[in-house]
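Student: The following file, start-v1.tsv, comprises TSV, C-alpha atoms:
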chain	number	residue	atom	x	y	z
H	1449	MET	CA	-71.28	11.60	63.73
H	1450	THR	CA	-70.98	12.97	67.27
H	1451	GLN	CA	-72.01	16.60	67.54
H	1452	HIS	CA	-70.77	19.04	70.13
H	1453	PRO	CA	-73.60	20.27	72.39
H	1454	THR	CA	-75.04	23.75	72.08
H	1455	ILE	CA	-74.32	26.30	74.78
H	1456	ALA	CA	-77.78	25.76	76.27
H	1457	THR	CA	-77.21	22.03	76.76
H	1458	ARG	CA	-73.60	21.99	77.96
H	1459	VAL	CA	-73.13	20.09	81.19
H	1460	THR	CA	-69.88	20.10	83.15
H	1461	LYS	CA	-67.89	16.87	83.25
H	1462	GLU	CA	-67.38	16.49	86.99
H	1463	VAL	CA	-64.01	15.45	88.40
H	1464	VAL	CA	-63.96	11.84	89.64
H	1465	GLY	CA	-60.54	12.01	91.23
H	1466	ILE	CA	-56.97	13.28	91.13
H	1467	TYR	CA	-54.22	10.67	91.03
H	1468	GLN	CA	-50.48	10.65	91.64
H	1469	PRO	CA	-48.10	8.16	89.98
H	1470	GLY	CA	-48.90	4.65	91.12
H	1471	SER	CA	-45.43	3.27	90.35
H	1472	THR	CA	-41.94	4.42	89.38
H	1473	HIS	CA	-39.55	2.24	87.38
H	1474	MET	CA	-37.02	2.11	84.54
H	1475	VAL	CA	-37.98	0.96	81.06
H	1476	GLY	CA	-34.76	-0.51	79.72
H	1477	ASP	CA	-31.89	1.76	80.77
H	1478	GLY	CA	-33.09	4.93	79.04
H	1479	PHE	CA	-36.60	5.73	80.20
H	1480	PRO	CA	-37.15	6.51	83.90
H	1481	VAL	CA	-40.94	6.56	84.13
H	1482	ARG	CA	-43.70	7.44	86.56
H	1483	ASN	CA	-46.80	5.43	85.71
H	1484	LEU	CA	-50.27	6.97	86.13
H	1485	PHE	CA	-52.25	4.06	84.75
H	1486	PRO	CA	-52.83	1.13	84.80
H	1487	SER	CA	-51.10	1.31	88.22
H	1488	ASN	CA	-54.02	3.33	89.65
H	1489	ASP	CA	-56.64	0.79	88.46
H	1490	LEU	CA	-58.41	3.26	86.16
H	1491	ASP	CA	-59.20	1.03	83.16
H	1492	GLY	CA	-62.90	1.90	82.95
H	1493	ALA	CA	-62.36	5.58	83.67
H	1494	VAL	CA	-59.72	6.20	80.99
H	1495	ASP	CA	-60.83	3.70	78.28
H	1496	PRO	CA	-59.74	3.73	75.38
H	1497	PHE	CA	-56.37	4.66	76.92
H	1498	LEU	CA	-54.49	1.76	78.52
H	1499	MET	CA	-51.26	3.19	79.91
H	1500	LEU	CA	-49.56	6.50	80.64
H	1501	ASP	CA	-45.83	6.46	81.39
H	1502	TYR	CA	-44.28	9.85	82.17
H	1503	ALA	CA	-40.57	9.76	81.33
H	1504	GLY	CA	-38.32	12.31	83.01
H	1505	PRO	CA	-37.50	15.08	82.81
H	1506	GLN	CA	-34.05	13.60	83.50
H	1507	TYR	CA	-30.57	14.53	82.36
H	1508	PHE	CA	-28.44	11.81	80.76
H	1509	SER	CA	-24.66	12.19	80.53
H	1510	PRO	CA	-22.92	11.81	77.15
H	1511	THR	CA	-22.31	8.26	75.95
H	1512	ASP	CA	-21.33	6.38	72.80
H	1513	HIS	CA	-23.81	3.63	73.67
H	1514	PRO	CA	-27.39	4.98	73.35
H	1515	ARG	CA	-29.66	4.06	76.21
H	1516	GLY	CA	-33.14	2.71	75.70
H	1517	VAL	CA	-35.08	-0.52	75.42
H	1518	GLY	CA	-34.19	-3.28	72.98
H	1519	GLU	CA	-36.26	-5.61	70.83
H	1520	HIS	CA	-39.68	-6.39	72.30
H	1521	PRO	CA	-43.11	-7.25	70.86
H	1522	HIS	CA	-46.58	-5.67	71.02
H	1523	ARG	CA	-50.01	-6.82	69.91
H	1524	GLY	CA	-53.56	-5.50	70.25
H	1525	PHE	CA	-53.06	-1.76	70.75
H	1526	GLU	CA	-51.16	1.38	69.71
H	1527	THR	CA	-48.20	3.15	71.31
H	1528	VAL	CA	-48.10	6.95	71.20
H	1529	THR	CA	-44.81	8.62	72.13
H	1530	ILE	CA	-44.79	12.40	72.65
H	1531	VAL	CA	-41.37	14.05	73.04
H	1532	TYR	CA	-40.97	17.35	74.89
H	1533	GLU	CA	-37.16	17.32	75.28
H	1534	GLY	CA	-34.52	15.01	73.85
H	1535	VAL	CA	-34.52	12.83	70.74
H	1536	VAL	CA	-35.81	9.24	70.46
H	1537	ALA	CA	-35.11	6.76	67.65
H	1538	HIS	CA	-37.46	3.89	66.77
H	1539	ARG	CA	-37.16	0.82	64.55
H	1540	ASP	CA	-39.63	-2.03	64.03
H	1541	SER	CA	-39.99	-5.40	62.31
H	1542	ALA	CA	-42.39	-3.99	59.72
H	1543	GLY	CA	-39.50	-2.03	58.23
H	1544	ASN	CA	-40.42	1.32	59.79
H	1545	ALA	CA	-37.85	3.58	61.39
H	1546	GLY	CA	-37.94	7.14	62.56
H	1547	VAL	CA	-36.53	9.82	64.83
H	1548	ILE	CA	-38.67	12.19	66.89
H	1549	GLY	CA	-37.53	15.28	68.77
H	1550	PRO	CA	-39.14	18.09	70.74
H	1551	GLY	CA	-42.76	18.59	69.69
H	1552	ASP	CA	-42.90	15.42	67.58
H	1553	VAL	CA	-45.14	12.39	68.07
H	1554	GLN	CA	-44.70	8.76	67.05
H	1555	TRP	CA	-47.98	6.82	66.68
H	1556	MET	CA	-47.30	3.12	66.20
H	1557	THR	CA	-50.17	0.70	65.60
H	1558	ALA	CA	-48.98	-2.72	66.74
H	1559	ALA	CA	-52.35	-4.36	65.98
H	1560	SER	CA	-51.71	-7.98	64.85
H	1561	GLY	CA	-48.15	-7.80	66.09
H	1562	VAL	CA	-44.86	-6.01	65.67
H	1563	VAL	CA	-41.43	-6.13	67.27
H	1564	HIS	CA	-39.62	-2.85	67.88
H	1565	GLU	CA	-36.91	-1.03	69.80
H	1566	GLU	CA	-36.67	2.49	71.21
H	1567	PHE	CA	-33.37	4.20	72.02
H	1568	HIS	CA	-32.00	7.67	72.57
H	1569	GLU	CA	-30.97	8.94	69.13
H	1570	LYS	CA	-27.20	8.52	68.59
H	1571	GLU	CA	-26.20	12.20	68.36
H	1572	PHE	CA	-28.41	13.12	71.31
H	1573	ALA	CA	-26.78	10.31	73.31
H	1574	LYS	CA	-23.28	11.49	72.35
H	1575	ARG	CA	-23.82	15.07	73.50
H	1576	GLY	CA	-26.02	14.20	76.46
H	1577	GLY	CA	-29.12	16.08	77.50
H	1578	THR	CA	-32.51	16.01	79.13
H	1579	LEU	CA	-35.13	13.47	78.12
H	1580	HIS	CA	-38.75	14.45	78.73
H	1581	ALA	CA	-41.51	12.40	77.12
H	1582	ILE	CA	-44.80	10.59	77.54
H	1583	GLN	CA	-45.79	7.22	76.18
H	1584	LEU	CA	-49.46	6.34	75.95
H	1585	TRP	CA	-50.95	3.00	75.04
H	1586	VAL	CA	-54.24	3.30	73.16
H	1587	ASN	CA	-56.54	0.28	72.97
H	1588	LEU	CA	-57.95	-1.12	69.75
H	1589	PRO	CA	-61.47	-2.55	69.48
H	1590	ARG	CA	-61.79	-6.30	69.04
H	1591	ALA	CA	-62.54	-5.89	65.32
H	1592	SER	CA	-59.22	-4.07	64.74
H	1593	LYS	CA	-56.83	-5.88	67.07
H	1594	MET	CA	-55.58	-8.20	64.32
H	1595	SER	CA	-55.40	-5.58	61.57
H	1596	ALA	CA	-52.11	-4.77	59.82
H	1597	PRO	CA	-49.50	-2.78	61.78
H	1598	ARG	CA	-48.85	0.80	60.71
H	1599	TYR	CA	-46.64	3.71	61.71
H	1600	GLN	CA	-47.25	7.46	61.80
H	1601	THR	CA	-44.43	9.98	62.28
H	1602	ILE	CA	-46.13	13.22	63.27
H	1603	LEU	CA	-43.72	16.16	63.19
H	1604	ASN	CA	-44.15	19.30	65.25
H	1605	ALA	CA	-44.60	21.36	62.07
H	1606	ASP	CA	-47.59	19.22	61.05
H	1607	ILE	CA	-49.51	19.67	64.32
H	1608	PRO	CA	-51.97	22.60	64.27
H	1609	ALA	CA	-51.27	25.12	67.04
H	1610	ILE	CA	-54.13	27.38	68.13
H	1611	ASP	CA	-53.55	30.61	70.04
H	1612	LEU	CA	-55.88	30.97	73.02
H	1613	ASP	CA	-56.32	34.74	73.02
H	1614	GLY	CA	-52.75	35.26	74.20
H	1615	GLY	CA	-53.24	33.07	77.26
H	1616	GLY	CA	-51.63	29.99	75.83
H	1617	GLU	CA	-51.52	27.55	72.96
H	1618	LEU	CA	-53.28	24.28	72.18
H	1619	ARG	CA	-51.74	21.78	69.75
H	1620	VAL	CA	-54.17	19.28	68.20
H	1621	ILE	CA	-52.47	15.88	67.91
H	1622	ALA	CA	-55.70	13.94	67.32
H	1623	GLY	CA	-59.32	14.96	66.99
H	1624	SER	CA	-60.23	18.60	66.43
H	1625	PHE	CA	-60.42	21.94	68.21
H	1626	GLN	CA	-61.97	25.15	66.92
H	1627	GLY	CA	-62.20	23.68	63.43
H	1628	GLN	CA	-58.55	22.57	63.33
H	1629	LYS	CA	-58.05	18.83	62.83
H	1630	GLY	CA	-55.09	16.91	64.21
H	1631	PRO	CA	-52.91	14.79	61.87
H	1632	ALA	CA	-53.16	11.47	63.77
H	1633	HIS	CA	-55.37	8.79	62.22
H	1634	THR	CA	-57.21	6.84	64.93
H	1635	PHE	CA	-59.39	3.72	64.95
H	1636	THR	CA	-61.92	5.17	67.40
H	1637	PRO	CA	-62.86	8.80	68.17
H	1638	ILE	CA	-60.03	10.36	70.20
H	1639	GLN	CA	-59.06	13.91	71.12
H	1640	LEU	CA	-55.44	14.37	72.17
H	1641	TYR	CA	-54.23	17.89	72.93
H	1642	ASP	CA	-50.92	19.40	74.07
H	1643	LEU	CA	-52.00	22.49	76.01
H	1644	GLN	CA	-49.81	25.26	77.41
H	1645	LEU	CA	-51.39	27.96	79.58
H	1646	LYS	CA	-49.90	31.06	81.16
H	1647	ALA	CA	-50.53	31.71	84.85
H	1648	GLY	CA	-54.10	32.94	85.35
H	1649	ALA	CA	-55.25	31.96	81.86
H	1650	PRO	CA	-58.43	29.93	81.40
H	1651	ALA	CA	-59.37	27.37	78.76
H	1652	SER	CA	-62.84	26.00	78.08
H	1653	LEU	CA	-62.74	22.55	76.52
H	1654	LEU	CA	-65.64	20.66	74.94
H	1655	PHE	CA	-65.91	16.90	74.51
H	1656	PRO	CA	-68.71	14.59	73.39
H	1657	ASP	CA	-71.02	13.48	76.17
H	1658	GLY	CA	-70.15	9.90	77.14
H	1659	HIS	CA	-66.44	10.16	76.32
H	1660	ASN	CA	-63.82	9.53	78.99
H	1661	THR	CA	-61.72	12.64	79.62
H	1662	SER	CA	-58.60	13.11	81.70
H	1663	ILE	CA	-55.89	15.75	82.09
H	1664	PHE	CA	-52.25	15.13	82.98
H	1665	VAL	CA	-50.18	17.98	84.42
H	1666	LEU	CA	-46.59	17.95	83.14
H	1667	GLN	CA	-45.71	21.35	84.52
H	1668	GLY	CA	-47.30	23.94	86.81
H	1669	SER	CA	-50.63	23.65	88.59
H	1670	ILE	CA	-54.25	24.07	87.50
H	1671	SER	CA	-57.79	24.20	88.77
H	1672	VAL	CA	-60.52	22.25	87.02
H	1673	ASN	CA	-64.14	23.36	86.99
H	1674	GLY	CA	-63.33	26.10	89.48
H	1675	SER	CA	-62.42	23.86	92.40
H	1676	SER	CA	-60.33	20.70	91.95
H	1677	GLU	CA	-56.61	21.48	91.91
H	1678	ALA	CA	-53.84	19.39	90.41
H	1679	ARG	CA	-50.07	19.81	90.34
H	1680	GLU	CA	-47.09	18.45	88.47
H	1681	ALA	CA	-47.27	14.72	87.62
H	1682	GLU	CA	-50.91	14.44	88.72
H	1683	LEU	CA	-53.80	13.10	86.64
H	1684	ILE	CA	-57.33	14.54	86.76
H	1685	VAL	CA	-60.05	12.10	85.71
H	1686	CYS	CA	-63.56	13.31	84.81
H	1687	ARG	CA	-66.90	11.53	84.58
H	1688	ARG	CA	-68.15	10.29	81.23
H	1689	ASN	CA	-71.36	12.29	81.35
H	1690	GLY	CA	-71.26	15.96	80.49
H	1691	SER	CA	-69.35	17.83	77.83
H	1692	GLN	CA	-67.52	20.86	79.26
H	1693	VAL	CA	-64.27	21.06	81.24
H	1694	ALA	CA	-63.05	24.44	82.49
H	1695	VAL	CA	-59.31	24.70	83.17
H	1696	GLU	CA	-57.43	27.60	84.74
H	1697	ALA	CA	-53.67	27.76	85.22
H	1698	ARG	CA	-52.51	28.74	88.72
H	1699	LYS	CA	-48.93	28.80	87.38
H	1700	ASP	CA	-47.50	28.57	83.88
H	1701	SER	CA	-48.62	25.05	82.99
H	1702	ARG	CA	-48.31	22.35	80.35
H	1703	LEU	CA	-51.01	19.70	80.10
H	1704	LEU	CA	-51.82	16.60	78.09
H	1705	ILE	CA	-55.56	16.37	77.43
H	1706	MET	CA	-56.88	12.88	76.64
H	1707	SER	CA	-60.48	12.16	75.66
H	1708	GLY	CA	-62.03	9.30	73.76
H	1709	GLU	CA	-65.05	7.16	73.11
H	1710	PRO	CA	-64.92	4.16	75.47
H	1711	ILE	CA	-64.48	0.83	73.72
H	1712	ASP	CA	-66.19	-0.98	76.63
H	1713	GLU	CA	-64.82	-4.43	75.81
H	1714	PRO	CA	-63.04	-6.89	78.10
H	1715	ILE	CA	-59.33	-6.13	78.62
H	1716	ALA	CA	-56.85	-9.00	79.02
H	1717	ARG	CA	-53.20	-7.99	79.58
H	1718	TYR	CA	-49.94	-9.86	79.65
H	1719	GLY	CA	-46.81	-7.73	79.47
H	1720	PRO	CA	-46.63	-6.21	75.97
H	1721	PHE	CA	-49.91	-7.78	74.78
H	1722	VAL	CA	-53.44	-6.44	75.30
H	1723	MET	CA	-56.28	-8.56	73.98
H	1724	ASN	CA	-59.85	-9.45	75.01
H	1725	THR	CA	-59.35	-12.97	76.40
H	1726	LYS	CA	-56.68	-15.07	78.11
H	1727	ALA	CA	-56.71	-17.47	75.15
H	1728	GLU	CA	-55.80	-14.62	72.81
H	1729	LEU	CA	-52.88	-13.71	75.09
H	1730	VAL	CA	-51.63	-17.28	74.98
H	1731	GLN	CA	-51.85	-17.17	71.18
H	1732	ALA	CA	-49.95	-13.86	71.12
H	1733	VAL	CA	-47.09	-15.36	73.13
H	1734	GLN	CA	-46.97	-18.42	70.88
H	1735	ASP	CA	-47.01	-16.29	67.73
H	1736	TYR	CA	-44.17	-14.11	69.01
H	1737	GLN	CA	-42.09	-17.12	70.00
H	1738	ALA	CA	-42.71	-18.64	66.56
H	1739	GLY	CA	-41.39	-15.47	64.90
H	1740	LYS	CA	-44.74	-14.51	63.39
H	1741	MET	CA	-44.33	-10.89	64.55
H	1742	GLY	CA	-40.91	-10.67	62.93
H	1743	HIS	CA	-37.54	-9.76	64.40
H	1744	LEU	CA	-35.08	-6.90	64.05
H	1745	SER	CA	-32.00	-7.67	62.01
Once more with this new file: its structure as structure tokens, please.

Tutor:
Amino acid sequence: MTQHPTIATRVTKEVVGIYQPGSTHMVGDGFPVRNLFPSNDLDGAVDPFLMLDYAGPQYFSPTDHPRGVGEHPHRGFETVTIVYEGVVAHRDSAGNAGVIGPGDVQWMTAASGVVHEEFHEKEFAKRGGTLHAIQLWVNLPRASKMSAPRYQTILNADIPAIDLDGGGELRVIAGSFQGQKGPAHTFTPIQLYDLQLKAGAPASLLFPDGHNTSIFVLQGSISVNGSSEAREAELIVCRRNGSQVAVEARKDSRLLIMSGEPIDEPIARYGPFVMNTKAELVQAVQDYQAGKMGHLS
């Protein structure tokens, strides 16, 4: 079990770099995203995380035909959708379905393969509104890539929220903070926090030495370790070595904190599949085409 360092041995995780979105595109017709990685070529620095798409915030006019992305497959990793505004509906070939709204998280383990769709929820689409969300892809180790798919609906009410001495609030989605454990079940050690800080408020965060740690700014601006500054839609990436990250909000800010134990295995990608070798990607395509990942009725 990884232990947090004592005060005497804490070493700052230095900032490697600050990155802006590397690409901007639409996913289907309902998710206008700014991509932070893999478009910035950060695989080794953010492992076990594979992708970060920042959707919106964008207003959608009322419609009777919900926007989104239709049936498509995944294999070899997990998708994590965090909703800040709007309502998203999901359905997959394993028989899972769910709706997530502000503060909720959907954690889908594609693993050996699943087909799913993601749309704006019908009533949200009918009345129109702002969509604001993040989708992360989280890698699975080789030994777990072909495990059974699973689905976790994590509601806002089930996510521990910790008051930071009046200066803000930290919600623990995965991992733990100040003795509070997040509800997400993960295959490898991961800490995923939704952090809101008031202007001028500090937060001292601790992570295991050797874990990759990065911070995405959804709103506001912050300084990290007393010097590096990042603004809206920018990603701060820290070195693996060290354990402490000091954050201070220059403005009222909202951050997504991502930290995890690197898997350090080869990454082979092809569209919606992430495996270890090209041969495994070829097999994934063949399996999908043969209907082995199922279909939506």

Student: Looking at H:Gly1690, H:Pro1650, H:Pro1710, H:Gly1627, which one is nearest to H:Val1672, with distances taken over only C-alpha atoms?

Tutor: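 Smallest separation from H:Val1672 among the options: H:Pro1650.
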
Student: Restricting the calculation to all atoms listed in the file: of H:Ile1582, H:Ile1715, H:Val1695, H:Leu1703, which residue gets closest to H:Glu1680?

Tutor: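 Between H:Ile1582, H:Ile1715, H:Val1695, H:Leu1703, the residue approaching H:Glu1680 most closely is H:Leu1703.
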
Student: Leaving out H:Leu1683 and any residue of its chain fewer than 4 positions from it, which residues lie within 8 Å of it when counting only C-alpha atoms, given as a PDB file with C-alpha atoms, in the coordinates of the input?

Tutor:
ATOM      1  CA  ILE H1466     -56.970  13.280  91.130  1.00  0.00           C
ATOM      2  CA  TYR H1467     -54.220  10.670  91.030  1.00  0.00           C
ATOM      3  CA  GLN H1468     -50.480  10.650  91.640  1.00  0.00           C
ATOM      4  CA  LEU H1484     -50.270   6.970  86.130  1.00  0.00           C
ATOM      5  CA  SER H1662     -58.600  13.110  81.700  1.00  0.00           C
ATOM      6  CA  ILE H1663     -55.890  15.750  82.090  1.00  0.00           C
ATOM      7  CA  PHE H1664     -52.250  15.130  82.980  1.00  0.00           C
ATOM      8  CA  VAL H1665     -50.180  17.980  84.420  1.00  0.00           C
ATOM      9  CA  ALA H1678     -53.840  19.390  90.410  1.00  0.00           C
TER      10      ALA H1678
END

Student: What is the distance, in Å and to one decimal place, between atom CA of H:Val1531 and atom CA of H:His1513?

Tutor: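 These atoms are spaced 20.4 Å apart.
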
Student: Got a sec: who's within 12 Å of H:Asn1488, counting only C-alpha atoms, leaving out chain neighbours fewer than 6 positions off, as a PyMOL selection string?

Tutor: chain H and resi 1465-1471+1482+1494+1498-1500+1682-1683+1685

Student: Would you pick out the contacts of H:Val1620 at 6 Å or less, using only C-alpha atoms, so that residues sharing its chain but fewer than 5 positions from it are not included, and give the list as a ChimeraX atom specification?

Tutor: /H:1608,1630,1641

Student: Do you know which residues are at most 7 Å from H:Thr1511 counting all atoms listed in the file, after dropping those on the same chain fewer than 3 positions away, and could you put them as a list in words?

Tutor: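 My list of contacting residues is Pro1514, Ala1573 and Lys1574 of chain H.
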
Student: Can I get the selected residues back with C-alpha atoms, as a compact mmCIF listing (two decimals), keeping the file's coordinate frame?

Tutor:
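Result written to selection-v4.txt:
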# COMPACT_ATOMS: atom_id res chain seq x y z
CA PRO H 1514 -27.39 4.98 73.35
CA ALA H 1573 -26.78 10.31 73.31
CA LYS H 1574 -23.28 11.49 72.35

Student: With the cut-off set at 9 Å and counting all atoms listed in the file, tabulate each residue of stretch 1608-1673 of chain H with an atom at most that distance from an atom of stretch 1586-1604 of chain H, showing the nearest atom pair and its distance in Å to one decimal, ordered by chain and increasing number, as a Markdown table.

Tutor:
| residue | atom | partner | partner_atom | distance |
| --- | --- | --- | --- | --- |
| H:Pro1608 | CA | H:Asn1604 | CA | 8.5 |
| H:Ile1621 | CA | H:Ile1602 | CA | 8.3 |
| H:Pro1631 | CA | H:Ile1602 | CA | 7.1 |
| H:Ala1632 | CA | H:Ile1602 | CA | 7.3 |
| H:His1633 | CA | H:Gln1600 | CA | 8.2 |
| H:Phe1635 | CA | H:Leu1588 | CA | 7.0 |
| H:Thr1636 | CA | H:Leu1588 | CA | 7.8 |

Student: Place N, CA and C atoms on stretch 1512-1538 of chain H and deliver the coordinates as a CSV table (one decimal), keeping the file's coordinate frame.

Tutor:
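rebuild_39.csv, freshly written:
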chain,number,residue,atom,x,y,z
H,1512,ASP,N,-21.4,6.9,74.2
H,1512,ASP,CA,-21.3,6.4,72.8
H,1512,ASP,C,-22.2,5.2,72.6
H,1513,HIS,N,-22.9,4.8,73.7
H,1513,HIS,CA,-23.8,3.6,73.7
H,1513,HIS,C,-25.2,4.1,74.1
H,1514,PRO,N,-26.1,4.4,73.1
H,1514,PRO,CA,-27.4,5.0,73.4
H,1514,PRO,C,-28.2,4.1,74.3
H,1515,ARG,N,-28.8,4.8,75.2
H,1515,ARG,CA,-29.7,4.1,76.2
H,1515,ARG,C,-31.1,3.9,75.6
H,1516,GLY,N,-31.8,2.9,76.2
H,1516,GLY,CA,-33.1,2.7,75.7
H,1516,GLY,C,-33.6,1.3,76.0
H,1517,VAL,N,-34.5,0.8,75.2
H,1517,VAL,CA,-35.1,-0.5,75.4
H,1517,VAL,C,-35.0,-1.3,74.1
H,1518,GLY,N,-34.4,-2.5,74.2
H,1518,GLY,CA,-34.2,-3.3,73.0
H,1518,GLY,C,-35.4,-4.0,72.5
H,1519,GLU,N,-35.2,-4.9,71.5
H,1519,GLU,CA,-36.3,-5.6,70.8
H,1519,GLU,C,-37.3,-6.2,71.8
H,1520,HIS,N,-38.6,-5.8,71.5
H,1520,HIS,CA,-39.7,-6.4,72.3
H,1520,HIS,C,-40.9,-6.3,71.5
H,1521,PRO,N,-41.9,-7.2,71.7
H,1521,PRO,CA,-43.1,-7.2,70.9
H,1521,PRO,C,-44.3,-6.5,71.4
H,1522,HIS,N,-45.3,-6.2,70.6
H,1522,HIS,CA,-46.6,-5.7,71.0
H,1522,HIS,C,-47.7,-6.3,70.1
H,1523,ARG,N,-48.8,-6.4,70.7
H,1523,ARG,CA,-50.0,-6.8,69.9
H,1523,ARG,C,-51.3,-6.3,70.6
H,1524,GLY,N,-52.2,-5.8,69.7
H,1524,GLY,CA,-53.6,-5.5,70.2
H,1524,GLY,C,-53.8,-4.1,70.6
H,1525,PHE,N,-52.9,-3.2,70.4
H,1525,PHE,CA,-53.1,-1.8,70.8
H,1525,PHE,C,-52.1,-0.9,70.0
H,1526,GLU,N,-52.1,0.4,70.3
H,1526,GLU,CA,-51.2,1.4,69.7
H,1526,GLU,C,-50.3,2.0,70.8
H,1527,THR,N,-49.0,2.4,70.4
H,1527,THR,CA,-48.2,3.2,71.3
H,1527,THR,C,-48.1,4.6,70.7
H,1528,VAL,N,-48.2,5.5,71.6
H,1528,VAL,CA,-48.1,7.0,71.2
H,1528,VAL,C,-47.0,7.6,72.1
H,1529,THR,N,-45.9,8.0,71.4
H,1529,THR,CA,-44.8,8.6,72.1
H,1529,THR,C,-44.8,10.1,71.8
H,1530,ILE,N,-44.8,10.9,72.8
H,1530,ILE,CA,-44.8,12.4,72.6
H,1530,ILE,C,-43.5,12.9,73.3
H,1531,VAL,N,-42.7,13.6,72.5
H,1531,VAL,CA,-41.4,14.0,73.0
H,1531,VAL,C,-41.4,15.5,73.3
H,1532,TYR,N,-41.0,15.9,74.5
H,1532,TYR,CA,-41.0,17.4,74.9
H,1532,TYR,C,-39.5,17.9,74.9
H,1533,GLU,N,-38.6,17.0,75.3
H,1533,GLU,CA,-37.2,17.3,75.3
H,1533,GLU,C,-36.4,16.0,74.9
H,1534,GLY,N,-35.3,16.2,74.2
H,1534,GLY,CA,-34.5,15.0,73.8
H,1534,GLY,C,-34.9,14.5,72.5
H,1535,VAL,N,-34.3,13.4,72.1
H,1535,VAL,CA,-34.5,12.8,70.7
H,1535,VAL,C,-34.6,11.3,70.9
H,1536,VAL,N,-35.6,10.7,70.3
H,1536,VAL,CA,-35.8,9.2,70.5
H,1536,VAL,C,-35.8,8.6,69.1
H,1537,ALA,N,-35.1,7.5,68.9
H,1537,ALA,CA,-35.1,6.8,67.6
H,1537,ALA,C,-35.9,5.5,67.8
H,1538,HIS,N,-36.6,5.1,66.7
H,1538,HIS,CA,-37.5,3.9,66.8
H,1538,HIS,C,-37.2,3.1,65.5
